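Undergrad: Structure: entry.cif, mmCIF, C-alpha atoms and all ligand atoms.
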```
data_final
loop_
_atom_site.group_PDB
_atom_site.id
_atom_site.type_symbol
_atom_site.label_atom_id
_atom_site.label_comp_id
_atom_site.auth_asym_id
_atom_site.auth_seq_id
_atom_site.Cartn_x
_atom_site.Cartn_y
_atom_site.Cartn_z
ATOM 1 C CA MET A 4 35.757 6.565 -32.320
ATOM 2 C CA ALA A 5 37.198 9.340 -30.222
ATOM 3 C CA GLN A 6 37.430 9.023 -26.506
ATOM 4 C CA SER A 7 36.692 11.935 -24.298
ATOM 5 C CA THR A 8 39.756 13.337 -22.573
ATOM 6 C CA ALA A 9 37.820 15.801 -20.455
ATOM 7 C CA ALA A 10 37.861 15.344 -16.717
ATOM 8 C CA PRO A 11 34.672 13.839 -15.279
ATOM 9 C CA ALA A 12 32.224 16.290 -13.825
ATOM 10 C CA PRO A 13 32.557 16.686 -10.083
ATOM 11 C CA ILE A 14 29.982 14.829 -8.062
ATOM 12 C CA THR A 15 27.818 17.132 -6.045
ATOM 13 C CA LYS A 16 26.307 15.719 -2.900
ATOM 14 C CA VAL A 17 22.834 16.762 -1.948
ATOM 15 C CA ALA A 18 21.968 16.761 1.721
ATOM 16 C CA VAL A 19 18.603 15.203 2.507
ATOM 17 C CA ALA A 20 16.867 16.639 5.500
ATOM 18 C CA PRO A 21 15.922 13.989 8.051
ATOM 19 C CA LEU A 22 12.211 13.329 8.339
ATOM 20 C CA PRO A 23 11.090 13.472 11.955
ATOM 21 C CA LEU A 24 9.013 10.523 13.096
ATOM 22 C CA LYS A 25 6.503 12.818 14.779
ATOM 23 C CA SER A 26 5.537 14.342 11.449
ATOM 24 C CA ILE A 27 4.792 11.025 9.734
ATOM 25 C CA ALA A 28 3.233 9.193 12.697
ATOM 26 C CA PRO A 29 -0.337 10.458 12.061
ATOM 27 C CA TRP A 30 -0.085 9.466 8.397
ATOM 28 C CA ALA A 31 1.295 6.067 9.324
ATOM 29 C CA VAL A 32 -1.622 5.489 11.707
ATOM 30 C CA PHE A 33 -4.106 6.717 9.101
ATOM 31 C CA PHE A 34 -2.813 4.451 6.363
ATOM 32 C CA GLY A 35 -2.485 1.554 8.820
ATOM 33 C CA VAL A 36 -6.164 1.844 9.745
ATOM 34 C CA LEU A 37 -7.074 2.262 6.086
ATOM 35 C CA MET A 38 -5.192 -0.923 5.206
ATOM 36 C CA LEU A 39 -6.886 -2.800 8.062
ATOM 37 C CA VAL A 40 -10.315 -1.700 6.801
ATOM 38 C CA LEU A 41 -9.361 -2.752 3.285
ATOM 39 C CA LEU A 42 -8.080 -6.096 4.585
ATOM 40 C CA TYR A 43 -11.351 -6.590 6.443
ATOM 41 C CA PHE A 44 -13.447 -5.906 3.354
ATOM 42 C CA VAL A 45 -11.310 -8.176 1.196
ATOM 43 C CA GLY A 46 -10.912 -10.972 3.715
ATOM 44 C CA ALA A 47 -13.888 -11.109 6.034
ATOM 45 C CA GLU A 48 -16.801 -9.116 4.601
ATOM 46 C CA GLN A 49 -19.003 -12.103 3.981
ATOM 47 C CA GLY A 50 -21.738 -14.068 5.721
ATOM 48 C CA ALA A 51 -21.885 -13.810 9.520
ATOM 49 C CA THR A 52 -19.151 -11.155 9.720
ATOM 50 C CA SER A 53 -20.753 -8.987 7.074
ATOM 51 C CA VAL A 54 -21.196 -5.317 7.968
ATOM 52 C CA LEU A 55 -23.012 -4.348 4.788
ATOM 53 C CA SER A 56 -25.933 -6.441 3.638
ATOM 54 C CA GLY A 57 -25.990 -7.932 0.202
ATOM 55 C CA GLU A 58 -23.300 -9.330 -2.052
ATOM 56 C CA GLY A 59 -22.066 -6.048 -3.509
ATOM 57 C CA VAL A 60 -18.860 -5.734 -1.520
ATOM 58 C CA HIS A 61 -18.121 -9.420 -1.879
ATOM 59 C CA GLU A 62 -18.463 -9.279 -5.635
ATOM 60 C CA TRP A 63 -16.319 -6.144 -5.800
ATOM 61 C CA VAL A 64 -13.391 -7.714 -3.948
ATOM 62 C CA HIS A 65 -13.928 -11.279 -5.110
ATOM 63 C CA ASP A 66 -10.847 -11.530 -7.312
ATOM 64 C CA ALA A 67 -8.662 -9.902 -4.666
ATOM 65 C CA ARG A 68 -9.988 -12.391 -2.133
ATOM 66 C CA HIS A 69 -8.920 -15.318 -4.297
ATOM 67 C CA LEU A 70 -5.622 -13.662 -5.161
ATOM 68 C CA LEU A 71 -4.745 -13.282 -1.478
ATOM 69 C CA GLY A 72 -5.840 -16.839 -0.644
ATOM 70 C CA PHE A 73 -8.797 -16.083 1.590
ATOM 71 C CA PRO A 74 -11.461 -18.784 1.697
ATOM 72 C CA CYS A 75 -14.477 -17.879 -0.339
ATOM 73 C CA HIS A 76 -16.600 -20.595 -1.870
HETATM 74 ZN ZN ZN B 101 -14.798 -16.873 -4.695
#
```
Would you kindly transcribe this structure into structure tokens?
Ligand SMILES: [Zn+2]
TA:
Amino acid sequence: MAQSTAAPAPITKVAVAPLPLKSIAPWAVFFGVLMLVLLYFVGAEQGATSVLSGEGVHEWVHDARHLLGFPCH
């Protein structure tokens, strides 16, 4: 088994441009609201707090509800 005697390749550093907070703030707010809506539908869309009538949403998120430990039945 021959060992390589060649010098290791030089490490090139790549500069990463900083991401300004102003450019990601609208996306952060959007995804935050989206996550809150999702959390509502998984955790509280049932019975007296139900926005949509019927059991469709509840059945859709039923496993997620149990997985996250929300009370169900
Ligand atoms: Zn259940």
Undergrad: Any chance you could work out the axis-aligned box around range 57-68 of chain A, listed atoms only, 3 Å on each side, giving centre and edge lengths in Å to one decimal, as AutoDock Vina command-line options?
TA:
```
--center_x -17.3 --center_y -9.1 --center_z -3.6 --size_x 23.3 --size_y 12.7 --size_z 13.5
```
Undergrad: At a cut-off of 12 Å and counting all atoms listed in the file, what residues surround ligand ZN 101 (chain B)? Please answer as a count of residues only.
TA: 20
Undergrad: For CA of Gly35 in chain A and CA of Ser53 in chain A, quote the distance in Å rounded to one decimal.
TA: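 These atoms are spaced 21.2 Å apart.
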Undergrad: Rounded to one decimal, what separation in Å do you get between CA of Leu55 in chain A and CA of Leu42 in chain A?
TA: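 Atom-to-atom, CA of Leu55 in chain A to CA of Leu42 in chain A, that is 15.0 Å.
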Undergrad: Record the distance separating CA of Val60 in chain A and CA of Val36 in chain A, expressed in Å with one decimal.
TA: 18.6 Å
